[in-house]
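Data first, discussion second: the structure below is written as structure tokens.
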2 protein chains.
Amino acid sequence: MAGRRDWTRETLAAGVRDGDRRALARAITLVENRDELAYAAVADLYPQTGNTYAVGLTGPPGVGKSTLISSLVRLVRDRDGTQVGVISVDPSSPFSQGALLGDRIRLADHFLDPGVFIRSMGTRGHLGGLAEATLQALLLLDAAGKELVFLETVGTGQSEVEVIGIADTVLLVLMPGSGDSVQALKAGIMEIPDVIAINKMDHPAAKTMLTEVRSILRLDRDRDWQPPIVLTDATRGENVSELWQKLLDHRAYLEESGQLDERRRRNLAGEVFSVASARAKQHIEHAVTDDPELRRVLDAVQSRELDPLTAVREILEKVFKIDRSA
Amino acid sequence: MAGRRDWTRETLAAGVRDGDRRALARAITLVENRDELAYAAVADLYPQTGNTYAVGLTGPPGVGKSTLISSLVRLVRDRDGTQVGVISVDPSSPFSQGALLGDRIRLADHFLDPGVFIRSMGTRGHLGGLAEATLQALLLLDAAGKELVFLETVGTGQSEVEVIGIADTVLLVLMPGSGDSVQALKAGIMEIPDVIAINKMDHPAAKTMLTEVRSILRLDRDRDWQPPIVLTDATRGENVSELWQKLLDHRAYLEESGQLDERRRRNLAGEVFSVASARAKQHIEHAVTDDPELRRVLDAVQSRELDPLTAVREILEKVFKIDRSA
């Protein structure tokens, strides 16, 4: 890795702690490459973390998440100069590079602002590893003094939940036409977020969608925090300060009700569990690829000599020494 | 388990092999409960499986998947009396029971037909275990002589891919208003299916959607099989025979190009890997819950004494004896 020798565990940790952009960029790259130096630096910095408020943004592609983040960043920078970090998680995509890059361009408005650090992370085909990289990158931004971090991910499935599972507040961004997401909320397949933005508010169907989402949320009356829904126009910056206020309200609610600590405990334990599971999965993948004996087990399944579940037990027994009766 | 003692490994396997509905129903329940008797029966039956053609249906909630399956089942039953199985995977949902049950009612038309076996499976909070249960249930239907099995699941995330990952042909069902799914296809987040149905074809936006989906698929010219798109109306049964023909075409394409065997090999290996990963994950979950030492590791993460990644390494070392440098 070019430039790798420039940094030691000590200089990297110190550079991140000082908020040095080069150190931060290098540390995140090392995290993505699973470099031992990055682990060591995060381990050194970890005792000083816990000061960042993390807002997770999720929602289908094309609804304007990046533009909304860009507007929110401008708002908080103009208002009080809050130090901000943004982690955008790109989905693995064979032919969407252009579209997503176009979206990211809005974030480029902030590239020259020293108080804002923006980083895209690719999935590189393993979403499990991405939860790990996102968590480590968040800890680095935290240690570097970013008071607010936006974690952005596309989609609403299990893998995305793991990526933004560390967020204190989850913002779901929809737009008119997001019929599938509305149905998924209705069917209880998608988890209810803390705040909802319906972007592209000038679209004729925006108000209908607002009514629809509101009526779905009403089905769940037991909820102590009723997720507010804000109509926005991210491109024109409309209602962005209202949205920011709702995010602040949620933070205040968590703090005042004493739930913030509890939520962070749960999130952190959940992330440790997700990362451990993803690593175990990768371990199985490597073992099955590398071990001729395990490849023979798979061959026996193909030839119908060994049923799949017995094969699973043999693999777990071989790779992890898990008892077959487990 | 009531009635458990009625069945032995031998009588259960024999009953399933004879296509006895009571044996089949009992065996699938035992699979869901992870009963050793079910494993043993599937292991005994496995050498005789491999004769079923499995069609996986996926798509957002509310698009009419169950109704479409019901129409397809009627068609094949009327046409040549093909033995059919249906496995509907329900998402875990706190307040959608009614809606989904309403949908399933269409399938009830076939409950009295001895040539059709229908089973719903709940997620019970662990989707990993669901891939395992679906695979085992499919093998039981296969052994029971079902020539065609529909596997239905809601959503399009990673967990759903694992549930229908064993299917020979994947049918994505959309409807006008499924804007998020179209965006996800466009962004390359959703895998391109083998066949697409746009249901509720009389909706004014159906043709626009057809054009849009077609233009997305055209971006990927390297594809040998160009996924056909069929406009359907499942409730009225319109274009269902055209859709069935496209499914047959895909099957013929796989067979003639020699890809069916290759695909089944890959699917089966993928399922074994998914199930093994899900089990490893459950193993970690139990270990962390039960082991006071591992709970102390999590506590140290909470109090910022131990960073999350070091905690992950300690957990994997303790649970699986995985080397820390791994």
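We name chains A, B, ... following the order of the structure tokens; residues begin at 1 in each chain, and ligands are numbered from 1 as shown.
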Give as a list in words every residue of chain A that touches chain B within 6 Å, counting only C-alpha atoms.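 Output check: Ala43, Tyr46, Pro47, Pro60, Pro61, Ser93, Ser96, Gly157, Gly177, Ser178, Gly179, Asp180, Gln183, Ala187, Gly188, Val272, Ala276, Ser277, Lys281, Arg304, Asp307, Pro308, Val312 and Phe320 of chain A.
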Would you output that residue set with C-alpha atoms, as a compact mmCIF listing (two decimals), in the first residue's frame?
```
# COMPACT_ATOMS: atom_id res chain seq x y z
CA ALA A 43 -8.29 0.66 19.71
CA TYR A 46 -11.70 4.30 21.44
CA PRO A 47 -11.57 5.50 25.09
CA PRO A 60 -34.70 3.79 -1.71
CA PRO A 61 -32.30 5.07 -4.38
CA SER A 93 -23.62 -1.85 -8.66
CA SER A 96 -25.11 2.77 -11.76
CA GLY A 157 -33.14 -4.48 3.94
CA GLY A 177 -43.72 7.20 -5.97
CA SER A 178 -42.06 5.31 -3.11
CA GLY A 179 -45.05 2.99 -3.09
CA ASP A 180 -43.05 -0.12 -2.22
CA GLN A 183 -46.31 -0.94 1.55
CA ALA A 187 -46.83 -4.69 6.21
CA GLY A 188 -44.41 -4.29 9.10
CA VAL A 272 -20.46 -6.23 17.83
CA ALA A 276 -18.79 -11.10 14.66
CA SER A 277 -21.45 -12.87 12.55
CA LYS A 281 -19.53 -16.06 7.65
CA ARG A 304 -27.37 -36.38 -3.60
CA ASP A 307 -28.26 -34.02 2.44
CA PRO A 308 -27.65 -30.25 2.82
CA VAL A 312 -23.92 -27.87 7.16
CA PHE A 320 -15.64 -24.10 14.21
```
Can you list, as an MDAnalysis selection string, all residues belonging to segment 79-300 of chain B that DSSP tags as helix (DSSP H, G or I)? chainID B and resid 79:80 97:110 127:143 158:163 179:186 206:218 240:256 259:290 292:300
Using only C-alpha atoms: which of A:Thr134, A:Asn51, A:Thr29, A:Gln245 has the shortest distance to Ile166 of chain A: A:Thr134
How would you write, as a count of residues only, the set of residues in segment 52-217 of chain A that DSSP gives as strand (DSSP E)? 36
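Of the residues under consideration (A:Leu37, A:Val84, A:Leu217, A:Leu260), A:Val84 shows the shortest atom-to-atom contact distance to Gly145 of chain A when counting only C-alpha atoms.
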So that I can check the surroundings of segment 106-119 of chain B, please list as JSON, numbers by chain every protein, DNA and RNA residue that reaches within 8 Å of it, counting only C-alpha atoms and ignoring chain neighbours fewer than 2 positions away. {"B": [21, 66, 67, 69, 70, 74, 77, 81, 82, 83, 84, 85, 86, 87, 88, 102, 103, 104, 121]}
Selected residues, C-alpha atoms, written as a PDB file, in the first residue's frame, please.
```
ATOM      1  CA  ARG B  21     -50.661 -34.836   3.257  1.00  0.00           C
ATOM      2  CA  SER B  66     -50.307 -14.834  -3.861  1.00  0.00           C
ATOM      3  CA  THR B  67     -53.104 -14.123  -6.318  1.00  0.00           C
ATOM      4  CA  ILE B  69     -49.561 -17.971  -7.725  1.00  0.00           C
ATOM      5  CA  SER B  70     -53.185 -18.997  -7.274  1.00  0.00           C
ATOM      6  CA  ARG B  74     -55.151 -23.200 -11.452  1.00  0.00           C
ATOM      7  CA  ARG B  77     -53.752 -28.024 -12.616  1.00  0.00           C
ATOM      8  CA  GLY B  81     -52.715 -32.077 -13.497  1.00  0.00           C
ATOM      9  CA  THR B  82     -49.120 -31.288 -12.501  1.00  0.00           C
ATOM     10  CA  GLN B  83     -48.561 -31.882  -8.773  1.00  0.00           C
ATOM     11  CA  VAL B  84     -47.912 -28.499  -7.175  1.00  0.00           C
ATOM     12  CA  GLY B  85     -46.485 -27.222  -3.911  1.00  0.00           C
ATOM     13  CA  VAL B  86     -46.540 -23.642  -2.591  1.00  0.00           C
ATOM     14  CA  ILE B  87     -44.360 -22.271   0.212  1.00  0.00           C
ATOM     15  CA  SER B  88     -45.333 -18.746   1.249  1.00  0.00           C
ATOM     16  CA  GLY B 102     -56.584 -11.620   3.046  1.00  0.00           C
ATOM     17  CA  ASP B 103     -54.003 -12.199   0.380  1.00  0.00           C
ATOM     18  CA  ARG B 104     -53.575 -15.846   1.289  1.00  0.00           C
ATOM     19  CA  MET B 121     -43.941 -20.225   7.026  1.00  0.00           C
TER      20      MET B 121
END
```
Two-atom distance - atom CA of Val149 of chain B, atom CA of Val170 of chain B (Å):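 We find that atom CA of Val149 of chain B and atom CA of Val170 of chain B lie 12.0 Å from each other.
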